[in-house]
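Novice: First, the structure itself, so that you have it in front of you.
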Amino acid sequence: MNPVIALVGRPNVGKSTLFNRLTRSRDALVADFPGLTRDRKYGNGILGGKTYTVIDTGGISGDEEGIDAAMAEQSLQAIDEADIVLFMVDGRSGLNVADEAIANHLRVNQKKTWLVVNKTDGLEEHSAMADFWQLGIGEPRSIAAAHGRNVTSLIEEVLEPFPERDPDLPADTGASGIHIGVIGRPNVGKSTLVNRLLGEDRVVVFDEAGTTRDAIEIPFERRGKPYVLVDTAGVRRRKNVREVAEKFSIIKTLEAIKECHVAVMVLDARSGLVEQDLHLLDYVLTSGRALVLAVNKWDGLEHEAKEKMRAEIKRRLGFADYAELHFISALHGTAVGDLYPSIERAFESANSHWSTNRLTNILRDAVEQHQPPMIHGRRIKLRMAHQGGTNPPIIVVHGNQTDSLPEAYKRYLTNTFRKVLKVRGTPMRFEFRSGK
Ligand code: GDP
Ligand code: GDP
């Protein structure tokens, strides 16, 4: 797992400026979960071969009431999730009572904390820093986030204790089989489902070497086939189900989505769909992950409730209609086994290869059935299609004036390809290119 750096400090000290600078690299993938985290922002960055995750927070003003209190709560949660805290203060406005209040909080926290004095551009550094020693957080470090001054050297030092990792390789235990990520907001039944999936008839191959590493992968077998569970609920570290689940962690969820082949998103039939579900799902979608939806806690509910839930999901999750939907009870094990065929299908669809010939034929048939429109008196031409990637599958369509292709026509093509290729459980991406 990436080392996690939380940016903490009162408003206006330059946290967002530093966040943007740290997540600007090629691999930066910014997850913004307004509903899930209020104003915590997550981003990835890479420096000198080391990858990291940064959390930006709303800020703590030290005098918390109302909205500020909510922001402070966000900061506290970010600190909780982090390995390292960068406590930012403003070198221009000098030491402030709010800074002292935050320092008091950070001193009792066990996290490795760096005191970062920002906006020292054009200041006489020595005197600008002097006051901040009394915060008792250690040596103040001077940076100018807006200009990037001293930022690289600071982050290099911060990351010193963490090992280098090839950013292209997931930090897995090398276990083979489809990697399944069980995700969802707190209390929907993830741990119960994970335990159920690992139930008695499966051989759990606990890999002790793996446990000492990122410890989020659980290899197991079902009917002679290997699978790997990517564990976000901390099930592996618990001795039994009754032990308290770990706190819901966005970081772990993001990591699991990144490292799994197929995400099983758990929804709660009893509470229905809430904002948090939509935001998580949105993230799964942007990441291009194959997906299976499991509506849990189905036990004891009436049939009408099922239709109601199905309609609500269709209405509100229309954008995820590629996913197969299951109604399960993790507690009783009902329909849990049905998830596997969907997981297999989603995995196969996501990793399919199709020949250029086949794709071009599908394109020709589709165009014949239903011509693209005329633009400025010329008909849009679509000539050829080939595959541009897998997981998710990318179809590249060549023609001319493709920039003018209406959205409705793109949807028609997407649906046609999906149907003919029998793609289920994975998003598909289309790219349109115009040639001469
Ligand atoms: P946040 O509220 O802590 O996220 O602070 P922002 O990143 O929004 O920055 C607050 C203000 O400080 C903005 O106007 C920035 O342009 C400015 N600022 C940020 N970093 C620097 C810096 O290194 N030098 C100077 N002079 N201004 C900065
Ligand atoms: P997590 O936070 O998503 O890992 O959720 P847990 O697995 O800890 O479950 C939260 C609560 O929901 C627990 O009290 C479970 O016993 C309960 N629960 C989980 N699955 C079911 C189910 O299928 N039916 C019912 N009725 N309750 C369930």
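Here's how to read the names in the structure tokens: chain A, B, ... by the order shown, residue numbers from 1 in each chain, ligand numbers from 1 in the order shown.
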Which protein, DNA or RNA residues have an atom within 8 Å of ligand 1, counting only C-alpha atoms and all ligand atoms, as a PyMOL selection string?
Specialist: chain A and resi 9-19+56-59+88+92+118-121+143-149
Novice: For the selection just defined, write its residues with C-alpha atoms to a file, as a CSV table (one decimal), in the first residue's frame.
Specialist:
chain,number,residue,atom,x,y,z
A,9,GLY,CA,-3.7,23.0,9.0
A,10,ARG,CA,-6.1,26.0,9.3
A,11,PRO,CA,-7.7,27.3,6.1
A,12,ASN,CA,-5.7,29.4,3.7
A,13,VAL,CA,-2.2,28.1,4.7
A,14,GLY,CA,-1.8,26.5,1.2
A,15,LYS,CA,-2.9,22.9,1.6
A,16,SER,CA,-4.7,22.8,-1.8
A,17,THR,CA,-1.8,24.4,-3.5
A,18,LEU,CA,0.5,21.8,-2.1
A,19,PHE,CA,-2.0,19.0,-2.8
A,56,ASP,CA,-6.2,17.2,1.5
A,57,THR,CA,-8.6,18.3,4.2
A,58,GLY,CA,-11.0,21.1,4.7
A,59,GLY,CA,-8.8,22.6,7.4
A,88,MET,CA,1.1,23.3,7.5
A,92,ARG,CA,3.5,35.3,6.1
A,118,ASN,CA,4.6,27.7,3.7
A,119,LYS,CA,4.7,30.9,1.7
A,120,THR,CA,8.3,31.7,2.7
A,121,ASP,CA,9.0,33.0,-0.8
A,143,ILE,CA,8.6,25.7,1.6
A,144,ALA,CA,6.8,27.7,-1.0
A,145,ALA,CA,4.1,25.4,-2.3
A,146,ALA,CA,3.0,27.9,-5.0
A,147,HIS,CA,6.5,28.0,-6.5
A,148,GLY,CA,7.6,24.5,-5.6
A,149,ARG,CA,10.5,25.7,-3.6
Novice: Which residues sit within 6 Å of ligand 2, counting only C-alpha atoms and all ligand atoms, listed as a CSV table (one decimal) with N, CA and C atoms, in the first residue's frame?
Specialist:
chain,number,residue,atom,x,y,z
A,186,PRO,N,-19.9,1.6,5.1
A,186,PRO,CA,-19.9,0.8,6.4
A,186,PRO,C,-21.2,0.1,6.6
A,187,ASN,N,-21.2,-1.1,7.2
A,187,ASN,CA,-22.4,-1.8,7.7
A,187,ASN,C,-23.3,-2.4,6.7
A,188,VAL,N,-22.9,-2.4,5.4
A,188,VAL,CA,-23.8,-3.0,4.4
A,188,VAL,C,-23.6,-4.5,4.4
A,189,GLY,N,-22.6,-5.0,5.1
A,189,GLY,CA,-22.4,-6.5,5.2
A,189,GLY,C,-21.2,-7.0,4.5
A,190,LYS,N,-20.2,-6.2,4.3
A,190,LYS,CA,-19.0,-6.7,3.6
A,190,LYS,C,-18.3,-7.8,4.3
A,191,SER,N,-18.0,-7.6,5.6
A,191,SER,CA,-17.3,-8.6,6.3
A,191,SER,C,-18.1,-9.9,6.4
A,192,THR,N,-19.4,-9.8,6.6
A,192,THR,CA,-20.2,-11.0,6.6
A,192,THR,C,-20.1,-11.7,5.2
A,233,ALA,N,-12.1,-4.9,4.6
A,233,ALA,CA,-12.8,-4.9,5.9
A,233,ALA,C,-11.8,-5.4,7.0
A,296,ASN,N,-27.7,-6.7,-0.5
A,296,ASN,CA,-27.6,-7.6,0.7
A,296,ASN,C,-28.7,-7.4,1.7
A,297,LYS,N,-28.8,-8.3,2.7
A,297,LYS,CA,-29.8,-8.3,3.7
A,297,LYS,C,-31.2,-8.5,3.2
A,298,TRP,N,-31.2,-9.4,2.2
A,298,TRP,CA,-32.5,-9.7,1.5
A,298,TRP,C,-33.4,-10.5,2.4
A,299,ASP,N,-32.9,-11.2,3.3
A,299,ASP,CA,-33.7,-12.1,4.2
A,299,ASP,C,-34.8,-11.4,4.8
A,329,SER,N,-28.4,-12.7,0.8
A,329,SER,CA,-28.3,-12.6,2.2
A,329,SER,C,-27.0,-13.2,2.6
A,330,ALA,N,-26.1,-12.3,3.0
A,330,ALA,CA,-24.7,-12.8,3.4
A,330,ALA,C,-24.9,-13.5,4.7
A,331,LEU,N,-25.8,-13.1,5.5
A,331,LEU,CA,-26.0,-13.7,6.8
A,331,LEU,C,-26.4,-15.1,6.7
Novice: So that I can check the surroundings of Arg418 in chain A, please list as a PyMOL selection string every protein, DNA and RNA residue that reaches within 12 Å of it, counting only C-alpha atoms and ignoring chain neighbours fewer than 2 positions away.
Specialist: chain A and resi 321-322+349-350+359+362-363+366+393-395+411-416+420-430
Novice: To one decimal in Å, tell me the separation between CA of Arg141 in chain A and CA of Leu22 in chain A.
Specialist: 16.6 Å
Novice: If you run DSSP on this backbone, which residues of range 210-408 of chain A come out as strand (DSSP E or B), and could you give them as a ChimeraX atom specification?
Specialist: /A:217-222,225-230,262-268,290-296,324-327,329,334,374-375,378-379,381-389,394-400
Novice: Write to file, as a PDB file, in the first residue's frame, the residues of the selection just made, with C-alpha atoms.
Specialist:
ATOM      1  CA  GLU A 217      -5.091 -10.319  -0.122  1.00  0.00           C
ATOM      2  CA  ILE A 218      -6.657 -13.636   0.798  1.00  0.00           C
ATOM      3  CA  PRO A 219      -6.108 -16.446  -1.697  1.00  0.00           C
ATOM      4  CA  PHE A 220      -8.715 -19.238  -1.632  1.00  0.00           C
ATOM      5  CA  GLU A 221     -10.136 -21.996  -3.770  1.00  0.00           C
ATOM      6  CA  ARG A 222     -13.650 -22.826  -4.801  1.00  0.00           C
ATOM      7  CA  LYS A 225     -10.456 -22.787  -8.972  1.00  0.00           C
ATOM      8  CA  PRO A 226      -8.175 -20.211  -7.380  1.00  0.00           C
ATOM      9  CA  TYR A 227      -9.475 -16.785  -6.386  1.00  0.00           C
ATOM     10  CA  VAL A 228      -8.077 -13.937  -4.351  1.00  0.00           C
ATOM     11  CA  LEU A 229     -10.150 -11.767  -2.071  1.00  0.00           C
ATOM     12  CA  VAL A 230      -8.946  -8.208  -1.764  1.00  0.00           C
ATOM     13  CA  VAL A 262     -13.791  -7.453 -10.397  1.00  0.00           C
ATOM     14  CA  ALA A 263     -15.417  -5.287  -7.739  1.00  0.00           C
ATOM     15  CA  VAL A 264     -18.398  -6.694  -5.872  1.00  0.00           C
ATOM     16  CA  MET A 265     -20.242  -3.674  -4.600  1.00  0.00           C
ATOM     17  CA  VAL A 266     -22.494  -4.423  -1.651  1.00  0.00           C
ATOM     18  CA  LEU A 267     -25.687  -2.397  -1.188  1.00  0.00           C
ATOM     19  CA  ASP A 268     -28.034  -2.594   1.777  1.00  0.00           C
ATOM     20  CA  ALA A 290     -15.600  -4.762 -13.877  1.00  0.00           C
ATOM     21  CA  LEU A 291     -18.489  -4.780 -11.441  1.00  0.00           C
ATOM     22  CA  VAL A 292     -21.104  -7.019  -9.844  1.00  0.00           C
ATOM     23  CA  LEU A 293     -23.823  -5.481  -7.672  1.00  0.00           C
ATOM     24  CA  ALA A 294     -25.019  -7.381  -4.599  1.00  0.00           C
ATOM     25  CA  VAL A 295     -28.069  -6.105  -2.753  1.00  0.00           C
ATOM     26  CA  ASN A 296     -27.572  -7.595   0.699  1.00  0.00           C
ATOM     27  CA  GLU A 324     -25.333  -7.798 -13.085  1.00  0.00           C
ATOM     28  CA  LEU A 325     -27.559  -7.450 -10.060  1.00  0.00           C
ATOM     29  CA  HIS A 326     -28.027 -10.019  -7.285  1.00  0.00           C
ATOM     30  CA  PHE A 327     -30.258 -10.087  -4.245  1.00  0.00           C
ATOM     31  CA  SER A 329     -28.334 -12.577   2.216  1.00  0.00           C
ATOM     32  CA  THR A 334     -28.722 -17.131   0.281  1.00  0.00           C
ATOM     33  CA  MET A 374     -25.267  14.162 -42.387  1.00  0.00           C
ATOM     34  CA  ILE A 375     -23.145  17.063 -41.186  1.00  0.00           C
ATOM     35  CA  ARG A 378     -21.731  15.253 -45.845  1.00  0.00           C
ATOM     36  CA  ARG A 379     -22.545  11.967 -44.219  1.00  0.00           C
ATOM     37  CA  LYS A 381     -18.396   7.836 -42.356  1.00  0.00           C
ATOM     38  CA  LEU A 382     -17.377   5.025 -40.024  1.00  0.00           C
ATOM     39  CA  ARG A 383     -15.019   2.612 -41.744  1.00  0.00           C
ATOM     40  CA  MET A 384     -13.147   0.390 -39.413  1.00  0.00           C
ATOM     41  CA  ALA A 385     -12.949  -0.683 -35.775  1.00  0.00           C
ATOM     42  CA  HIS A 386     -10.172  -2.313 -33.791  1.00  0.00           C
ATOM     43  CA  GLN A 387      -9.497  -3.082 -30.164  1.00  0.00           C
ATOM     44  CA  GLY A 388      -7.374  -0.539 -28.325  1.00  0.00           C
ATOM     45  CA  GLY A 389      -7.093  -2.268 -24.963  1.00  0.00           C
ATOM     46  CA  ILE A 394     -11.531  -0.148 -25.605  1.00  0.00           C
ATOM     47  CA  ILE A 395     -12.935  -0.068 -29.132  1.00  0.00           C
ATOM     48  CA  VAL A 396     -11.346   2.402 -31.518  1.00  0.00           C
ATOM     49  CA  VAL A 397     -13.569   3.428 -34.428  1.00  0.00           C
ATOM     50  CA  HIS A 398     -12.025   5.080 -37.493  1.00  0.00           C
ATOM     51  CA  GLY A 399     -13.878   7.235 -39.981  1.00  0.00           C
ATOM     52  CA  ASN A 400     -14.297  10.893 -40.800  1.00  0.00           C
TER      53      ASN A 400
END
Novice: Just to confirm, what's the straight-line distance from CA of Gly94 in chain A to CA of Thr53 in chain A in Å (one decimal)?
Specialist: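 Separation between CA of Gly94 in chain A and CA of Thr53 in chain A: 28.6 Å.
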Novice: From a DSSP calculation on the backbone, collect every residue of range 96-335 of chain A in helix (DSSP H, G or I) and output the set as a short mmCIF file (atom, residue, chain, number, x, y, z; two decimals) with N, CA and C atoms, in the first residue's frame.
Specialist:
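File produced: out-v9.cif:
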data_model
loop_
_atom_site.label_atom_id
_atom_site.label_comp_id
_atom_site.auth_asym_id
_atom_site.auth_seq_id
_atom_site.Cartn_x
_atom_site.Cartn_y
_atom_site.Cartn_z
N VAL A 97 -3.21 31.48 17.03
CA VAL A 97 -3.76 30.62 18.09
C VAL A 97 -4.32 29.32 17.53
N ALA A 98 -4.86 29.41 16.33
CA ALA A 98 -5.43 28.19 15.72
C ALA A 98 -4.31 27.17 15.50
N ASP A 99 -3.13 27.65 15.08
CA ASP A 99 -2.01 26.73 14.89
C ASP A 99 -1.69 26.02 16.21
N GLU A 100 -1.75 26.78 17.30
CA GLU A 100 -1.43 26.18 18.60
C GLU A 100 -2.43 25.11 18.98
N ALA A 101 -3.71 25.40 18.69
CA ALA A 101 -4.75 24.41 19.00
C ALA A 101 -4.53 23.12 18.22
N ILE A 102 -4.18 23.27 16.95
CA ILE A 102 -3.95 22.08 16.13
C ILE A 102 -2.72 21.33 16.62
N ALA A 103 -1.67 22.10 16.98
CA ALA A 103 -0.44 21.48 17.48
C ALA A 103 -0.73 20.65 18.73
N ASN A 104 -1.59 21.19 19.59
CA ASN A 104 -1.95 20.45 20.81
C ASN A 104 -2.57 19.11 20.46
N HIS A 105 -3.38 19.14 19.44
CA HIS A 105 -4.01 17.89 19.03
C HIS A 105 -2.99 16.92 18.43
N LEU A 106 -2.12 17.46 17.59
CA LEU A 106 -1.17 16.59 16.89
C LEU A 106 -0.13 16.00 17.83
N ARG A 107 0.19 16.73 18.89
CA ARG A 107 1.20 16.22 19.80
C ARG A 107 0.75 14.95 20.51
N VAL A 108 -0.55 14.83 20.77
CA VAL A 108 -1.03 13.62 21.43
C VAL A 108 -1.27 12.50 20.43
N GLU A 125 14.12 34.01 5.75
CA GLU A 125 13.74 32.70 6.21
C GLU A 125 13.96 32.47 7.71
N HIS A 126 15.15 32.87 8.18
CA HIS A 126 15.49 32.56 9.56
C HIS A 126 14.48 33.14 10.55
N SER A 127 14.12 34.41 10.36
CA SER A 127 13.19 35.02 11.31
C SER A 127 11.76 34.53 11.07
N ALA A 128 11.45 34.22 9.81
CA ALA A 128 10.10 33.72 9.52
C ALA A 128 9.84 32.41 10.24
N MET A 129 10.90 31.62 10.43
CA MET A 129 10.73 30.29 11.01
C MET A 129 10.77 30.30 12.54
N ALA A 130 11.43 31.30 13.09
CA ALA A 130 11.79 31.26 14.51
C ALA A 130 10.61 30.98 15.44
N ASP A 131 9.51 31.69 15.21
CA ASP A 131 8.34 31.55 16.08
C ASP A 131 7.78 30.13 16.17
N PHE A 132 7.90 29.41 15.05
CA PHE A 132 7.17 28.14 14.97
C PHE A 132 7.78 27.01 15.79
N TRP A 133 9.01 27.23 16.25
CA TRP A 133 9.63 26.22 17.11
C TRP A 133 8.77 25.95 18.33
N GLN A 134 8.14 27.03 18.85
CA GLN A 134 7.41 26.87 20.11
C GLN A 134 6.16 26.00 19.98
N LEU A 135 5.81 25.58 18.76
CA LEU A 135 4.67 24.66 18.62
C LEU A 135 5.00 23.28 19.18
N VAL A 151 9.93 21.77 -2.03
CA VAL A 151 8.87 20.76 -1.90
C VAL A 151 9.42 19.36 -2.19
N THR A 152 10.17 19.24 -3.30
CA THR A 152 10.70 17.93 -3.66
C THR A 152 11.61 17.37 -2.57
N SER A 153 12.51 18.21 -2.07
CA SER A 153 13.44 17.69 -1.06
C SER A 153 12.70 17.30 0.21
N LEU A 154 11.67 18.07 0.55
CA LEU A 154 10.89 17.73 1.75
C LEU A 154 10.20 16.37 1.58
N ILE A 155 9.54 16.19 0.44
CA ILE A 155 8.80 14.94 0.23
C ILE A 155 9.76 13.75 0.15
N GLU A 156 10.93 13.97 -0.46
CA GLU A 156 11.92 12.89 -0.50
C GLU A 156 12.28 12.45 0.91
N GLU A 157 12.46 13.43 1.77
CA GLU A 157 12.83 13.11 3.14
C GLU A 157 11.68 12.43 3.89
N VAL A 158 10.48 12.92 3.65
CA VAL A 158 9.29 12.34 4.27
C VAL A 158 9.12 10.87 3.87
N LEU A 159 9.45 10.59 2.60
CA LEU A 159 9.25 9.22 2.09
C LEU A 159 10.44 8.31 2.37
N LYS A 190 -20.19 -6.21 4.30
CA LYS A 190 -18.99 -6.66 3.58
C LYS A 190 -18.27 -7.79 4.30
N SER A 191 -18.03 -7.60 5.60
CA SER A 191 -17.29 -8.64 6.33
C SER A 191 -18.07 -9.93 6.37
N THR A 192 -19.37 -9.80 6.56
CA THR A 192 -20.21 -11.00 6.59
C THR A 192 -20.11 -11.72 5.25
N LEU A 193 -20.13 -10.95 4.17
CA LEU A 193 -20.05 -11.56 2.84
C LEU A 193 -18.68 -12.20 2.61
N VAL A 194 -17.64 -11.50 3.00
CA VAL A 194 -16.29 -12.05 2.82
C VAL A 194 -16.16 -13.37 3.57
N ASN A 195 -16.66 -13.40 4.79
CA ASN A 195 -16.60 -14.65 5.56
C ASN A 195 -17.41 -15.75 4.89
N ARG A 196 -18.52 -15.36 4.33
CA ARG A 196 -19.37 -16.31 3.64
C ARG A 196 -18.68 -16.85 2.39
N LEU A 197 -18.04 -15.95 1.65
CA LEU A 197 -17.33 -16.36 0.44
C LEU A 197 -16.19 -17.31 0.78
N GLU A 208 1.50 -16.81 4.83
CA GLU A 208 2.09 -16.05 5.94
C GLU A 208 3.03 -14.95 5.46
N ALA A 209 3.76 -15.23 4.36
CA ALA A 209 4.64 -14.21 3.83
C ALA A 209 3.83 -12.99 3.42
N GLY A 210 2.66 -13.28 2.86
CA GLY A 210 1.80 -12.20 2.40
C GLY A 210 1.27 -11.34 3.53
N THR A 211 1.01 -11.95 4.65
CA THR A 211 0.42 -11.21 5.76
C THR A 211 1.31 -10.07 6.25
N THR A 212 2.61 -10.27 6.12
CA THR A 212 3.50 -9.23 6.63
C THR A 212 3.60 -8.06 5.65
N ILE A 250 -11.38 4.87 3.32
CA ILE A 250 -11.42 5.23 1.90
C ILE A 250 -10.16 4.74 1.21
N ILE A 251 -9.03 4.92 1.91
CA ILE A 251 -7.75 4.52 1.34
C ILE A 251 -7.78 3.04 0.97
N LYS A 252 -8.25 2.21 1.89
CA LYS A 252 -8.30 0.77 1.63
C LYS A 252 -9.27 0.47 0.49
N THR A 253 -10.37 1.21 0.46
CA THR A 253 -11.34 0.98 -0.62
C THR A 253 -10.74 1.33 -1.98
N LEU A 254 -10.07 2.47 -2.05
CA LEU A 254 -9.44 2.87 -3.31
C LEU A 254 -8.40 1.85 -3.73
N GLU A 255 -7.63 1.39 -2.75
CA GLU A 255 -6.58 0.41 -3.01
C GLU A 255 -7.19 -0.89 -3.56
N ALA A 256 -8.28 -1.31 -2.91
CA ALA A 256 -8.93 -2.55 -3.34
C ALA A 256 -9.48 -2.43 -4.76
N ILE A 257 -10.07 -1.28 -5.06
CA ILE A 257 -10.62 -1.10 -6.41
C ILE A 257 -9.49 -1.15 -7.43
N LYS A 258 -8.35 -0.56 -7.04
CA LYS A 258 -7.20 -0.54 -7.94
C LYS A 258 -6.64 -1.94 -8.14
N GLU A 259 -6.64 -2.74 -7.10
CA GLU A 259 -5.95 -4.02 -7.16
C GLU A 259 -6.85 -5.20 -7.53
N GLU A 275 -26.39 8.49 -0.92
CA GLU A 275 -25.35 9.25 -1.64
C GLU A 275 -24.01 8.52 -1.70
N GLN A 276 -23.59 7.99 -0.54
CA GLN A 276 -22.29 7.33 -0.46
C GLN A 276 -22.16 6.20 -1.47
N ASP A 277 -23.25 5.45 -1.66
CA ASP A 277 -23.22 4.36 -2.63
C ASP A 277 -22.92 4.92 -4.01
N LEU A 278 -23.61 6.02 -4.34
CA LEU A 278 -23.47 6.60 -5.67
C LEU A 278 -22.04 7.08 -5.89
N HIS A 279 -21.45 7.69 -4.88
CA HIS A 279 -20.09 8.20 -5.05
C HIS A 279 -19.08 7.08 -5.22
N LEU A 280 -19.25 6.04 -4.42
CA LEU A 280 -18.32 4.90 -4.55
C LEU A 280 -18.44 4.28 -5.94
N LEU A 281 -19.67 4.14 -6.36
CA LEU A 281 -19.94 3.52 -7.65
C LEU A 281 -19.36 4.36 -8.77
N ASP A 282 -19.49 5.65 -8.62
CA ASP A 282 -18.97 6.57 -9.60
C ASP A 282 -17.46 6.35 -9.73
N TYR A 283 -16.83 6.13 -8.60
CA TYR A 283 -15.39 5.91 -8.61
C TYR A 283 -15.03 4.58 -9.30
N VAL A 284 -15.81 3.55 -9.03
CA VAL A 284 -15.56 2.27 -9.68
C VAL A 284 -15.65 2.44 -11.20
N LEU A 285 -16.65 3.21 -11.60
CA LEU A 285 -16.88 3.44 -13.01
C LEU A 285 -15.72 4.20 -13.66
N THR A 286 -15.28 5.27 -13.01
CA THR A 286 -14.19 6.05 -13.60
C THR A 286 -12.93 5.20 -13.66
N HIS A 303 -41.49 -9.67 -1.54
CA HIS A 303 -41.18 -9.63 -2.96
C HIS A 303 -41.34 -8.22 -3.55
N GLU A 304 -42.37 -7.49 -3.07
CA GLU A 304 -42.59 -6.14 -3.60
C GLU A 304 -41.38 -5.25 -3.32
N ALA A 305 -40.78 -5.50 -2.17
CA ALA A 305 -39.61 -4.70 -1.81
C ALA A 305 -38.50 -4.89 -2.84
N LYS A 306 -38.41 -6.11 -3.34
CA LYS A 306 -37.39 -6.43 -4.33
C LYS A 306 -37.62 -5.61 -5.60
N GLU A 307 -38.89 -5.58 -6.04
CA GLU A 307 -39.21 -4.83 -7.26
C GLU A 307 -38.94 -3.35 -7.06
N LYS A 308 -39.25 -2.88 -5.86
CA LYS A 308 -39.04 -1.47 -5.56
C LYS A 308 -37.54 -1.14 -5.62
N MET A 309 -36.75 -2.00 -5.00
CA MET A 309 -35.30 -1.79 -4.98
C MET A 309 -34.74 -1.86 -6.40
N ARG A 310 -35.23 -2.83 -7.16
CA ARG A 310 -34.75 -2.99 -8.53
C ARG A 310 -35.04 -1.71 -9.34
N ALA A 311 -36.26 -1.17 -9.14
CA ALA A 311 -36.64 0.04 -9.87
C ALA A 311 -35.78 1.22 -9.43
N GLU A 312 -35.53 1.30 -8.12
CA GLU A 312 -34.73 2.41 -7.62
C GLU A 312 -33.31 2.34 -8.17
N ILE A 313 -32.78 1.13 -8.20
CA ILE A 313 -31.43 0.95 -8.73
C ILE A 313 -31.38 1.33 -10.20
N LYS A 314 -32.40 0.91 -10.93
CA LYS A 314 -32.44 1.22 -12.36
C LYS A 314 -32.51 2.73 -12.58
N ARG A 315 -33.31 3.37 -11.75
CA ARG A 315 -33.52 4.80 -11.91
C ARG A 315 -32.26 5.59 -11.52
N ARG A 316 -31.68 5.21 -10.38
CA ARG A 316 -30.58 6.03 -9.87
C ARG A 316 -29.20 5.54 -10.29
N GLY A 318 -28.59 4.10 -13.29
CA GLY A 318 -28.66 3.85 -14.72
C GLY A 318 -27.27 3.81 -15.33
N PHE A 319 -26.37 4.63 -14.79
CA PHE A 319 -25.03 4.71 -15.35
C PHE A 319 -24.21 3.45 -15.09
N ALA A 320 -24.69 2.57 -14.23
CA ALA A 320 -23.96 1.34 -13.95
C ALA A 320 -24.74 0.13 -14.46
#
Novice: So how many Å separate CA of Ile46 in chain A and CA of Ser142 in chain A, to one decimal?
Specialist: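 Atom-to-atom, CA of Ile46 in chain A and CA of Ser142 in chain A are spaced 21.3 Å apart.
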